[in-house]
Structures are given as C-alpha cells and as structure tokens.
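Below: work_1.cif (mmCIF, C-alpha atoms)
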data_structure
#
loop_
_atom_site.label_atom_id
_atom_site.label_comp_id
_atom_site.auth_asym_id
_atom_site.auth_seq_id
_atom_site.Cartn_x
_atom_site.Cartn_y
_atom_site.Cartn_z
CA MET A 865 17.02 7.65 -19.86
CA GLN A 866 19.49 9.42 -22.10
CA ARG A 867 21.67 12.13 -20.70
CA SER A 868 22.28 15.51 -22.25
CA ASN A 869 24.28 18.62 -21.58
CA ASN A 870 21.17 20.23 -20.17
CA ASP A 871 21.41 17.87 -17.21
CA ILE A 872 24.60 19.58 -16.11
CA TRP A 873 23.25 23.07 -16.51
CA VAL A 874 19.97 22.37 -14.76
CA GLY A 875 21.89 20.62 -11.99
CA LEU A 876 24.00 23.73 -11.63
CA LEU A 877 20.89 25.91 -11.49
CA VAL A 878 19.38 23.77 -8.72
CA LEU A 879 22.69 23.87 -6.86
CA ILE A 880 22.82 27.66 -7.08
CA GLY A 881 19.24 27.87 -5.83
CA ALA A 882 20.02 25.57 -2.92
CA ALA A 883 23.11 27.61 -2.06
CA ALA A 884 21.05 30.82 -2.11
CA LEU A 885 18.40 29.31 0.17
CA LEU A 886 21.08 28.00 2.49
CA PHE A 887 22.66 31.44 2.60
CA LEU A 888 19.29 33.00 3.46
CA ALA A 889 18.59 30.42 6.15
CA LEU A 890 22.01 30.41 7.78
CA GLN A 891 23.45 33.86 7.29
CA SER A 892 20.37 36.06 7.45
CA ALA A 893 18.02 34.02 9.61
CA ASN A 894 20.61 32.29 11.79
CA LEU A 895 18.91 28.91 11.78
CA LEU A 896 21.69 26.95 13.48
CA SER A 897 22.31 28.92 16.65
CA LEU A 898 18.61 29.08 17.46
CA SER A 899 17.68 25.45 17.47
CA PHE A 900 20.63 23.32 18.45
CA GLN A 901 21.39 24.58 21.93
CA LYS A 902 20.00 22.80 24.97
CA THR A 903 17.78 24.99 27.10
CA TYR A 904 15.79 24.83 30.32
CA GLN A 905 12.51 26.65 30.82
CA VAL A 906 11.79 29.11 33.57
CA THR A 907 8.58 31.08 34.17
CA ALA A 908 7.95 34.39 35.85
CA LEU A 909 4.96 36.64 36.54
CA PHE A 910 5.14 40.32 35.64
CA ASP A 911 2.64 43.05 36.55
CA ASN A 912 3.16 44.68 33.18
CA ILE A 913 5.30 43.50 30.30
CA GLY A 914 5.10 46.70 28.27
CA GLY A 915 6.14 45.92 24.70
CA LEU A 916 7.92 42.62 25.33
CA LYS A 917 7.51 40.13 22.49
CA LYS A 918 8.15 36.45 21.87
CA GLN A 919 11.75 35.75 20.85
CA ALA A 920 12.96 38.75 22.83
CA ALA A 921 16.38 38.29 24.38
CA VAL A 922 17.07 37.39 28.02
CA LYS A 923 20.33 39.10 28.93
CA SER A 924 22.56 38.83 31.93
CA ALA A 925 25.30 41.44 32.24
CA GLY A 926 24.45 42.44 28.67
CA VAL A 927 25.09 39.00 27.20
CA VAL A 928 22.22 37.04 25.63
CA VAL A 929 21.65 33.89 27.71
CA GLY A 930 18.18 32.92 26.52
CA ARG A 931 14.98 33.84 24.70
CA VAL A 932 11.37 34.51 25.61
CA LYS A 933 9.37 31.46 24.49
CA ASP A 934 5.83 32.44 25.31
CA ILE A 935 3.78 35.20 26.88
CA VAL A 936 0.27 34.50 28.21
CA PHE A 937 -2.14 36.24 30.51
CA ASP A 938 -2.55 34.49 33.84
CA GLY A 939 -6.22 34.74 34.76
CA LYS A 940 -5.71 33.85 38.44
CA SER A 941 -3.24 36.54 39.43
CA PHE A 942 -4.16 38.97 36.62
CA GLN A 943 -0.50 39.14 35.67
CA ALA A 944 1.47 38.30 32.56
CA LYS A 945 3.14 34.91 32.62
CA VAL A 946 6.39 34.86 30.67
CA VAL A 947 8.06 31.58 29.74
CA MET A 948 11.78 31.83 29.03
CA ALA A 949 14.19 29.28 27.61
CA ILE A 950 17.65 29.76 29.10
CA GLU A 951 20.69 28.07 27.62
CA ALA A 952 21.73 25.05 29.64
CA GLN A 953 25.36 26.13 29.83
CA HIS A 954 24.38 29.14 31.97
CA GLN A 955 23.27 28.35 35.51
CA PHE A 956 21.74 31.02 37.75
CA PRO A 957 20.94 31.04 41.50
CA LYS A 958 17.33 30.49 42.54
CA ASP A 959 16.87 34.01 43.92
CA SER A 960 17.93 35.77 40.72
CA SER A 961 15.78 38.73 39.72
CA LEU A 962 14.24 39.70 36.39
CA LYS A 963 13.64 43.18 35.02
CA ILE A 964 12.09 44.29 31.76
CA LEU A 965 14.47 46.79 30.19
CA THR A 966 14.71 48.72 26.95
CA SER A 967 17.76 48.75 24.74
CA GLY A 968 18.48 52.33 23.80
CA LEU A 969 15.87 55.07 23.92
CA LEU A 970 13.46 53.60 21.37
CA GLY A 971 14.90 50.12 21.03
CA GLU A 972 13.14 46.85 21.65
CA GLN A 973 12.52 45.47 25.10
CA TYR A 974 14.37 42.59 26.66
CA ILE A 975 14.57 40.85 30.02
CA GLY A 976 17.52 41.64 32.24
CA LEU A 977 18.55 38.83 34.58
CA GLU A 978 20.50 39.69 37.69
CA ALA A 979 22.12 36.79 39.47
CA GLY A 980 21.28 36.32 43.15
CA ALA A 981 23.27 34.66 45.92
CA ASP A 982 21.35 31.42 46.59
CA GLU A 983 23.23 28.13 46.83
CA LYS A 984 20.72 26.30 44.64
CA ASN A 985 20.42 26.96 40.93
CA LEU A 986 17.34 27.49 38.79
CA ALA A 987 16.13 24.29 37.14
CA GLU A 988 13.60 23.27 34.51
CA GLY A 989 10.10 24.52 35.35
CA ASP A 990 11.15 26.84 38.18
CA LYS A 991 9.40 30.13 38.84
CA VAL A 992 11.36 33.31 39.40
CA GLN A 993 9.78 35.28 42.25
CA ASP A 994 11.59 38.59 42.10
CA THR A 995 10.39 40.49 39.02
CA GLN A 996 10.17 44.12 38.07
CA SER A 997 7.74 45.37 35.42
CA ALA A 998 8.42 47.39 32.35
CA VAL A 999 8.50 51.12 32.82
CA VAL A 1000 5.40 52.58 31.19
CA LEU A 1001 5.95 56.17 30.19
CA GLU A 1002 2.37 57.27 30.93
CA ASN A 1003 2.56 55.94 34.51
CA LEU A 1004 5.87 57.66 35.02
CA ILE A 1005 4.51 61.02 33.83
CA SER A 1006 1.31 60.75 35.84
CA ARG A 1007 3.27 59.91 38.99
CA PHE A 1008 5.53 62.88 38.37
CA LEU A 1009 2.55 65.20 37.87
CA TYR A 1010 0.83 63.81 40.95
CA ASN A 1011 3.92 64.46 43.05
CA LYS A 1012 4.18 67.96 41.67
CA ALA A 1013 0.55 68.68 42.55
CA ALA A 1014 0.95 67.27 46.03
CA GLU A 1015 3.88 69.56 46.84
CA PRO A 1016 2.90 72.60 48.96
CA ALA A 1017 2.73 75.61 46.64
CA THR A 1018 5.09 77.74 48.69
CA ASN A 1019 8.09 78.21 46.46
CA THR A 1020 6.17 80.18 43.82
CA ASP A 1021 5.88 83.41 45.84
CA GLY A 1022 8.18 82.69 48.77
CA LYS A 1023 11.46 82.31 46.83
CA MET B 646 -32.82 49.81 -25.49
CA ILE B 647 -33.29 48.27 -22.08
CA VAL B 648 -33.64 44.84 -23.60
CA ARG B 649 -30.43 45.27 -25.57
CA GLY B 650 -28.57 46.43 -22.47
CA LEU B 651 -29.89 43.44 -20.62
CA ALA B 652 -28.79 41.13 -23.41
CA TYR B 653 -25.32 42.68 -23.39
CA LEU B 654 -25.09 42.15 -19.65
CA GLY B 655 -26.12 38.53 -20.01
CA TRP B 656 -23.68 37.97 -22.87
CA THR B 657 -20.79 39.47 -20.87
CA LEU B 658 -21.60 37.29 -17.89
CA ARG B 659 -21.73 34.21 -20.12
CA VAL B 660 -18.39 35.02 -21.73
CA VAL B 661 -16.72 35.67 -18.37
CA LEU B 662 -18.08 32.44 -16.90
CA ALA B 663 -17.02 30.42 -19.95
CA ASP B 664 -13.56 31.98 -19.71
CA ILE B 665 -13.24 31.05 -16.05
CA GLY B 666 -14.44 27.56 -16.87
CA HIS B 667 -11.90 27.08 -19.66
CA ALA B 668 -9.10 28.42 -17.50
CA THR B 669 -9.99 26.17 -14.57
CA ARG B 670 -10.23 23.13 -16.84
CA LEU B 671 -6.83 23.80 -18.38
CA PHE B 672 -5.32 24.40 -14.94
CA TRP B 673 -6.76 21.12 -13.68
CA GLN B 674 -5.42 19.28 -16.74
CA LEU B 675 -1.96 20.74 -16.13
CA LEU B 676 -2.06 19.69 -12.48
CA MET B 677 -3.17 16.19 -13.45
CA CYS B 678 -0.19 15.92 -15.80
CA ALA B 679 2.25 16.08 -12.86
CA PRO B 680 2.90 12.29 -12.65
CA SER B 681 3.52 11.88 -16.38
CA CYS B 682 5.78 14.94 -16.36
CA LEU B 683 7.83 13.58 -13.51
CA ARG B 684 8.10 10.22 -15.28
CA ARG B 685 9.44 11.89 -18.43
CA PHE B 686 11.53 14.43 -16.58
CA GLY B 687 13.73 15.06 -19.64
CA LEU B 688 11.07 17.32 -21.13
CA VAL B 689 10.76 19.34 -17.92
CA ARG B 690 14.53 19.49 -17.60
CA ASP B 691 14.97 21.01 -21.05
CA GLN B 692 12.36 23.62 -20.24
CA MET B 693 13.96 24.33 -16.86
CA HIS B 694 17.20 24.91 -18.70
CA PHE B 695 15.51 27.28 -21.13
CA LEU B 696 13.43 29.16 -18.53
CA GLY B 697 15.81 29.03 -15.59
CA ASN B 698 19.40 29.12 -16.71
CA TYR B 699 18.81 31.85 -19.27
CA SER B 700 16.90 33.97 -16.72
CA LEU B 701 19.63 33.63 -14.11
CA ALA B 702 21.74 36.49 -15.47
CA ILE B 703 18.95 39.09 -15.57
CA ILE B 704 17.64 37.93 -12.16
CA SER B 705 20.99 38.17 -10.40
CA VAL B 706 21.97 41.51 -11.97
CA SER B 707 18.61 43.04 -11.06
CA GLY B 708 18.89 41.58 -7.57
CA LEU B 709 22.30 43.16 -7.15
CA PHE B 710 21.06 46.60 -8.17
CA VAL B 711 17.90 46.37 -6.09
CA GLY B 712 20.15 45.50 -3.14
CA PHE B 713 22.41 48.50 -3.89
CA VAL B 714 19.43 50.86 -3.99
CA LEU B 715 17.89 49.40 -0.83
CA GLY B 716 21.21 49.84 0.95
CA LEU B 717 21.53 53.48 -0.10
CA GLN B 718 17.92 54.56 0.45
CA GLY B 719 17.56 52.56 3.63
CA TYR B 720 20.72 54.14 5.01
CA TYR B 721 19.55 57.69 4.32
CA THR B 722 16.20 57.09 6.01
CA LEU B 723 17.46 55.07 8.98
CA GLN B 724 20.37 57.37 9.68
CA ARG B 725 17.88 60.19 10.31
CA TYR B 726 16.63 58.29 13.34
CA GLY B 727 20.08 57.23 14.41
CA SER B 728 19.42 53.57 13.68
CA ALA B 729 21.64 52.91 10.68
CA SER B 730 22.68 49.70 12.42
CA ALA B 731 19.28 48.23 11.50
CA LEU B 732 20.14 48.53 7.80
CA GLY B 733 20.78 44.80 7.46
CA LEU B 734 17.39 43.97 8.91
CA LEU B 735 15.64 46.40 6.57
CA VAL B 736 17.43 45.09 3.48
CA ALA B 737 16.93 41.42 4.38
CA LEU B 738 13.28 41.66 5.39
CA SER B 739 12.20 43.70 2.40
CA LEU B 740 14.04 41.37 0.02
CA VAL B 741 13.05 38.05 1.54
CA ARG B 742 9.42 38.94 2.21
CA GLU B 743 8.45 41.10 -0.74
CA LEU B 744 10.93 42.21 -3.34
CA GLY B 745 12.58 38.85 -3.95
CA PRO B 746 9.44 36.93 -4.91
CA VAL B 747 7.59 39.85 -6.53
CA VAL B 748 10.33 41.45 -8.63
CA SER B 749 11.72 38.13 -9.80
CA ALA B 750 8.18 37.05 -10.78
CA LEU B 751 7.73 40.26 -12.78
CA LEU B 752 11.09 39.76 -14.49
CA PHE B 753 10.23 36.12 -15.10
CA ALA B 754 6.95 37.17 -16.75
CA GLY B 755 8.84 39.55 -19.01
CA ARG B 756 11.78 37.29 -19.77
CA ALA B 757 10.27 33.80 -19.87
CA GLY B 758 6.49 34.24 -19.92
CA THR B 759 6.50 36.12 -23.20
CA SER B 760 8.68 33.52 -24.89
CA LEU B 761 6.33 30.77 -23.71
CA THR B 762 3.30 32.59 -25.09
CA ALA B 763 4.96 33.38 -28.41
CA GLU B 764 6.23 29.82 -28.80
CA ILE B 765 2.88 28.20 -28.13
CA GLY B 766 1.01 30.84 -30.14
CA LEU B 767 3.23 30.24 -33.17
CA MET B 768 2.84 26.49 -32.78
CA LYS B 769 -0.88 27.05 -32.89
CA ALA B 770 -0.65 29.44 -35.84
CA GLY B 771 1.44 26.91 -37.74
CA GLU B 772 -1.15 24.25 -36.87
CA GLN B 773 1.47 22.14 -35.18
CA LEU B 774 -0.80 21.60 -32.19
CA SER B 775 -3.61 20.38 -34.44
CA ALA B 776 -1.15 18.10 -36.21
CA MET B 777 -0.16 16.60 -32.88
CA GLU B 778 -3.78 15.99 -32.04
CA MET B 779 -4.17 14.21 -35.38
CA MET B 780 -1.37 11.87 -34.30
CA ALA B 781 -3.25 11.24 -31.03
CA ILE B 782 -0.68 13.12 -28.96
CA ASP B 783 -2.24 15.36 -26.35
CA PRO B 784 -0.63 18.80 -26.80
CA VAL B 785 -1.52 19.77 -23.22
CA ARG B 786 0.39 16.80 -21.90
CA ARG B 787 3.32 16.92 -24.36
CA ILE B 788 3.81 20.70 -24.84
CA LEU B 789 2.09 22.68 -22.10
CA ALA B 790 2.60 20.58 -18.97
CA PRO B 791 6.43 20.34 -19.09
CA ARG B 792 6.63 24.11 -19.54
CA PHE B 793 4.17 24.70 -16.71
CA TRP B 794 5.99 22.47 -14.23
CA ALA B 795 9.38 23.84 -15.27
CA GLY B 796 8.09 27.34 -14.48
CA VAL B 797 6.79 26.21 -11.08
CA PHE B 798 10.10 24.54 -10.17
CA VAL B 799 12.34 27.33 -11.43
CA MET B 800 10.61 30.29 -9.79
CA PRO B 801 11.62 29.59 -6.13
CA ILE B 802 15.22 29.07 -7.24
CA LEU B 803 15.28 32.38 -9.09
CA SER B 804 13.63 34.22 -6.22
CA ALA B 805 16.07 32.79 -3.66
CA VAL B 806 19.00 33.83 -5.88
CA PHE B 807 17.47 37.30 -6.21
CA SER B 808 17.15 37.72 -2.44
CA ALA B 809 20.61 36.34 -1.68
CA VAL B 810 22.34 38.51 -4.29
CA GLY B 811 20.28 41.49 -3.13
CA ILE B 812 21.41 41.05 0.47
CA LEU B 813 25.01 40.88 -0.73
CA GLY B 814 24.40 44.07 -2.74
CA GLY B 815 22.99 45.80 0.34
CA TRP B 816 26.04 44.64 2.27
CA VAL B 817 28.41 46.03 -0.38
CA VAL B 818 26.78 49.47 -0.28
CA GLY B 819 26.02 49.59 3.44
CA VAL B 820 29.12 48.04 4.96
CA VAL B 821 31.86 48.34 2.35
CA MET B 822 31.03 51.73 0.85
CA ILE B 823 29.15 53.68 3.55
CA GLY B 824 30.73 52.04 6.55
CA VAL B 825 27.87 50.69 8.64
CA ASP B 826 29.27 48.36 11.28
CA SER B 827 29.50 44.88 9.79
CA GLY B 828 28.67 43.11 13.04
CA SER B 829 25.46 45.02 13.64
CA PHE B 830 24.49 44.68 9.96
CA TRP B 831 24.48 40.88 10.18
CA GLY B 832 23.53 40.72 13.87
CA GLN B 833 20.36 42.78 13.54
CA MET B 834 19.47 40.79 10.44
CA GLN B 835 19.92 37.49 12.22
CA SER B 836 17.89 38.49 15.24
CA GLY B 837 15.07 39.90 13.13
CA VAL B 838 14.65 37.43 10.26
CA ASP B 839 12.85 34.18 11.06
CA VAL B 840 13.52 31.10 8.94
CA TRP B 841 9.94 29.85 8.64
CA GLN B 842 8.07 33.12 9.05
CA ASP B 843 10.09 35.12 6.55
CA VAL B 844 12.27 32.90 4.36
CA GLY B 845 9.70 30.09 4.25
CA ASN B 846 6.83 32.39 3.38
CA GLY B 847 8.96 33.96 0.67
CA VAL B 848 9.43 30.51 -0.88
CA VAL B 849 5.68 29.84 -0.69
CA LYS B 850 5.02 33.17 -2.38
CA SER B 851 7.45 32.44 -5.19
CA LEU B 852 5.85 29.02 -5.77
CA VAL B 853 2.45 30.69 -6.10
CA PHE B 854 3.85 33.34 -8.44
CA GLY B 855 5.64 30.74 -10.57
CA THR B 856 2.35 28.86 -10.95
CA THR B 857 0.50 32.06 -11.82
CA VAL B 858 2.97 33.42 -14.35
CA SER B 859 3.52 30.18 -16.23
CA PHE B 860 -0.19 29.37 -16.26
CA VAL B 861 -1.14 32.81 -17.58
CA ALA B 862 1.57 32.65 -20.25
CA LEU B 863 0.63 29.16 -21.42
CA ARG B 864 -3.07 29.88 -21.50
CA GLN B 865 -2.60 33.08 -23.47
CA GLY B 866 -0.50 31.19 -26.02
CA PHE B 867 -2.93 28.28 -26.16
CA GLU B 868 -5.98 30.50 -26.63
CA ALA B 869 -4.29 32.96 -28.98
CA GLN B 870 -5.83 33.73 -32.33
CA PRO B 871 -3.71 31.80 -34.86
CA THR B 872 -2.54 34.90 -36.70
CA PRO B 873 0.58 37.10 -36.33
CA GLU B 874 -1.57 39.81 -34.77
CA GLY B 875 -3.20 37.36 -32.44
CA VAL B 876 0.17 36.10 -31.19
CA ALA B 877 1.37 39.69 -30.69
CA ARG B 878 -1.76 40.53 -28.72
CA ALA B 879 -1.46 37.37 -26.63
CA THR B 880 2.16 38.17 -25.76
CA THR B 881 1.21 41.65 -24.62
CA ARG B 882 -1.67 40.30 -22.62
CA THR B 883 0.64 37.80 -20.91
CA VAL B 884 2.83 40.53 -19.49
CA VAL B 885 -0.08 42.71 -18.39
CA LEU B 886 -2.16 39.91 -16.89
CA ALA B 887 0.74 38.09 -15.25
CA SER B 888 2.14 41.27 -13.67
CA LEU B 889 -1.25 42.41 -12.39
CA SER B 890 -2.14 39.03 -10.96
CA VAL B 891 1.28 38.72 -9.30
CA LEU B 892 0.85 42.09 -7.60
CA ALA B 893 -2.73 41.40 -6.55
CA LEU B 894 -1.88 37.92 -5.26
CA ASP B 895 1.07 39.37 -3.39
CA PHE B 896 -1.24 41.66 -1.47
CA VAL B 897 -3.58 38.78 -0.61
CA LEU B 898 -0.71 36.49 0.42
CA THR B 899 0.93 39.20 2.53
CA ALA B 900 -2.37 39.89 4.26
CA LEU B 901 -2.78 36.18 5.01
CA MET B 902 0.82 35.52 6.07
CA PHE B 903 1.96 38.51 8.06
CA THR B 904 -1.11 39.61 9.98
CA ILE B 905 -1.37 38.17 13.45
#
Can I see the file as structure tokens?
Amino acid sequence: MQRSNNDIWVGLLVLIGAAALLFLALQSANLLSLSFQKTYQVTALFDNIGGLKKQAAVKSAGVVVGRVKDIVFDGKSFQAKVVMAIEAQHQFPKDSSLKILTSGLLGEQYIGLEAGADEKNLAEGDKVQDTQSAVVLENLISRFLYNKAAEPATNTDGK
Amino acid sequence: MIVRGLAYLGWTLRVVLADIGHATRLFWQLLMCAPSCLRRFGLVRDQMHFLGNYSLAIISVSGLFVGFVLGLQGYYTLQRYGSASALGLLVALSLVRELGPVVSALLFAGRAGTSLTAEIGLMKAGEQLSAMEMMAIDPVRRILAPRFWAGVFVMPILSAVFSAVGILGGWVVGVVMIGVDSGSFWGQMQSGVDVWQDVGNGVVKSLVFGTTVSFVALRQGFEAQPTPEGVARATTRTVVLASLSVLALDFVLTALMFTI
C-alpha cells in the first residue's frame, strides 16, 4: 500500500483524539486511583441511610479511606445493608463504629468511621455492629415539637 | 373532494414509506461496505484527513469558548449558593455528557456535512456517478462508503477534543481568572465524573451522531436533483435535517443512558 502525506496528518489527528480521551479519563474521571488499589469489603446494617449513594466516600478523621460499593434492603431485619470497600493499607479495629454524616449544610452524605479499641482488626467480609443512622430532618423536627408539646405549659403565664 | 383528500393521504403515505425504504437500503449498503473500506483504508484515510483535520481548528476554538462561557456562567450561578467549588464538576459533566457530542456534531454538520452533500451532488449533476456505473464501479462502494466511515471514525475524536479543550477553557476562566480553588475544581470533578457512565456514554453518543450526520449528508447528496438548484436545496436540507436529528437523538439517548 502506498504511503502519502495524509497518513501523517491522520495519524496526528488520531493521536490528538487519543490524548483528549486519555485526559478526560485520567484527569476528569480519575480512572487510575479508583481501580488499582487493593480493598477489603465490610458490611454494616443501618436503620436509615438517608441520601447515601453508591460511590459515596468512607472517611476516617476526614480522610477518604474507602467507598460505598453497594446498598441493598435487607428483608430479614428491615434495615439497609451497606457494602463498603476499604483500602487494604488502612486497618481498623473490629469494634469501630460507623455514622452517616453530611458534608456541609447541603452537601452529599458520607460514612464516618471512628476507630475502636479492639485488638483484632476488621477483615474481608466482616460486619460492623455499631452503626448510627443518618439524621432525617423531619424526624428531628417532629421530636422537637413532641418535646415542646410534652413540656408543662407553666412558663407562659408564670414567668 | 373526500376522494381526492383520501388519495392525497394515500400518496403521502406511499412517498414517506418509499423514502424510508430507500434510506434504509442505502444505510444497509453502507454498513455492508465496511470490510471493503477497511481493506482499502487509503480511501477512508484521505476522507478522514479532509473531514477531520480541517474540522479540528473550528472544533477546538469553539470548545475553548464554550468552556470559557460555562466557567463564567456556572460560577455566577453556583456562587449564589456558596458552592463555587463545584464549578469543575459542572463544567466537566455538561461538556462530557451533552455539549461535547452535541455541539461538535452540529459544527461537523455545518463544516463537513455540507461539503459532502455538495461534492456528491455535483458529482451527480456532472453525471460522474452514472459514468462510474457505466464502468461497472459501484459509486456507493467507491464514493459514499469511504466518506461515511470516515465520518463515523472522526466524530468521536472531534468530540473528545471538544470536551477536553472545553474543560481546559473552564479551568482558565474559573481557576486562573476568577480564582476558584484549583484543588477543589479538579477534586470535585474527579469524584463526580465516572469513566464509563459519563465519558463512555459521551463517546457512544458521538459515534451515533457521526453516523447520523454523515449518513444524512451523503443521502441528501446522492438523492439531490442534478441541477444547481437541486444541489443548493440538498445542502440546506443536510444542515436542517442533520441538526434536528442530532438534537432529537440526543434526547432519546440521554433518556436511555442517564435514567436509573
């Protein structure tokens, strides 16, 4: 097959396209850091996960140590079962506790992991017992109103 | 009166059906030409050079300015809610998911689609296509198919360049000029953009749009009336039809891809 100058230019075009795709995949979607780290999976049951989503961060002391892999409804306990993949370089005691927290006032929700004091560490497939649900604003308000109503109505006229 | 209306209705239906039939047949022929095109890749390569390399300048300049505008407008809106740090995410998602494939397909229709239609239409007007058929050369295989496949191959490249340059443009306005924190610009983008969900679907979209635009352009040229007026009308129709079908298909694809 004969060669022509167009070969060079089309090759350049393909190269530019590949570079653009690579830029999109690496710089904006962060392909590398997601897939090449070794992880171990841990599950936990929550009464209410609020707005937690797949791929949400698992943070300990504010640093991302893992990601939420899967969220399913557990029909036996009527709770939400959350599967997390935690990076293998971070080891946590077995009695660590999980909380669903919100970053900022309107930010997205993540799982906060507080290390416990157990000698043994969490391993693949372990279940974290100590969990605390997401704060649901409606529940908070209704509890507040209920407490208000339950108070004896003395301080309105008594002063 | 009623009979004539009925006849008109029937005639319209017949014409529309025949049109769809012709289009489908041509599309099928073009698809079937893929092996022979790949075997004689020189023809496709020359068309890729003509369609791709010459469109690169307009695509990257438009991408840059779209990125600038997204950076500015996005900043003004986000800053109202105190979340200017999400600017990178906004710029990247809107470019990779929608604007990259769609705007580059529209530009491609205007820049390359029209030239395809005019070229083929003039070949037809000058009876070059008939002459080829006399020499037992299939014009669909020799003329149309290389242009079609070149358009399909080139479109994802152009759309990726558009998105990448656009993100850089958004970065220039957001980080360099306005002063959004660089770390949160890229960090929010990286945590929010998924490779397969967003970037991959953008590539799929641009493949579909490349197929659509080049097919519409080639068919309009191939079916054009072999007169100067006919070629002019076909060129106009290419832009209108290609743009409308790109926008309509974009809605359908978005509805399929991004609804859970």
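Going from CA of Ser960 (chain A) to CA of Asp982 (chain A) covers 8.1 Å.
The list of residues with at least one atom within 8 Å of Gly716 (chain B), based on only C-alpha atoms and without residues fewer than 3 positions apart in the same chain, reads Gly712, Phe713, Gly719, Tyr720, Leu732, Val736, Gly814, Gly815, Trp816, Val818 and Gly819 of chain B.
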- request: May I have the residues at most 12 Å from (1.8, 40.4, 6.9) in the file's coordinates, counting all atoms listed in the file, as number ranges by chain?
  value: B: 738-739, 742-743, 842-843, 846-847, 895-905
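Using only C-alpha atoms, the part of chain B that sits within 6 Å of chain A is made up of His694, Ile802, Ala805, Val806, Ala809, Met834, Gln835, Val838, Asp839 and Val840 of chain B.
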message: One decimal, in Å: what's the spacing between CA of Glu764 (chain B) and CA of Val849 (chain B)?
response: 28.1 Å
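When all atoms listed in the file are used to compute distances to Pro784 (chain B), the closest of the residues B:Pro873, B:Tyr699, B:Phe867, B:Gly828 turns out to be B:Phe867.
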task: Would you mind listing what lies within 9 Å of Ser730 (chain B) as a PyMOL selection string, with only C-alpha atoms counted and same-chain residues fewer than 6 positions away left out?
output: chain B and resi 720+723-724+825-830+833
Take the selection from the previous step and output its residues with C-alpha atoms, as a tab-separated table (two decimals), in the coordinates of the input.
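Ended up saving to out_34.tsv:
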chain	number	residue	atom	x	y	z
B	720	TYR	CA	20.72	54.14	5.01
B	723	LEU	CA	17.46	55.07	8.98
B	724	GLN	CA	20.37	57.37	9.68
B	825	VAL	CA	27.87	50.69	8.64
B	826	ASP	CA	29.27	48.36	11.28
B	827	SER	CA	29.50	44.88	9.79
B	828	GLY	CA	28.67	43.11	13.04
B	829	SER	CA	25.46	45.02	13.64
B	830	PHE	CA	24.49	44.68	9.96
B	833	GLN	CA	20.36	42.78	13.54
message: One number please: CA of Ala869 (chain B) to CA of Ala663 (chain B), in Å, one decimal.
response: 15.8 Å
query: So what does the PyMOL selection byres ((chain A and resi 954) around 10) actually pick up in this one, as a list in words?
result: Thr903, Tyr904, Ser924, Val929, Gly930, Ile950, Glu951, Ala952, Gln953, Gln955, Phe956 and Leu986 of chain A
task: Report the residues retrieved by the PyMOL selection byres ((chain B and resi 880) around 8) from the displayed file, expressed as a PyMOL selection string.
output: chain B and resi 759+762-763+862+865-866+876-879+881-884
message: I'd like to see the residues matched by the PyMOL selection byres ((chain B and resi 856) around 10) on this file, and ideally I'd get them as a ChimeraX atom specification.
response: /B:672,793-798,800,850-855,857-861
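Shortest atom-to-atom contact with Ile913 (chain A) among A:Lys984, A:Lys963, A:Arg931, A:Lys991: A:Lys963, counting only C-alpha atoms.
Among A:Ala987, A:Val906, A:Leu916, A:Ala979, the residue with the shortest atom-to-atom distance to Val1000 (chain A), counting all atoms listed in the file, is A:Leu916.
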field: Within 12 Å of Ser681 (chain B) using all atoms listed in the file, minus same-chain residues under 3 positions, as a PyMOL selection string
entry: chain B and resi 674-678+684-689+785-787+790-791+794
List the residues sitting within 6 Å of (5.6, 40.1, -8.1) in the file's frame, using only C-alpha atoms, as a tab-separated table (two decimals) with C-alpha atoms, in the coordinates of the input.
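Result file out36.tsv:
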chain	number	residue	atom	x	y	z
B	746	PRO	CA	9.44	36.93	-4.91
B	747	VAL	CA	7.59	39.85	-6.53
B	748	VAL	CA	10.33	41.45	-8.63
B	750	ALA	CA	8.18	37.05	-10.78
B	751	LEU	CA	7.73	40.26	-12.78
B	891	VAL	CA	1.28	38.72	-9.30
B	892	LEU	CA	0.85	42.09	-7.60
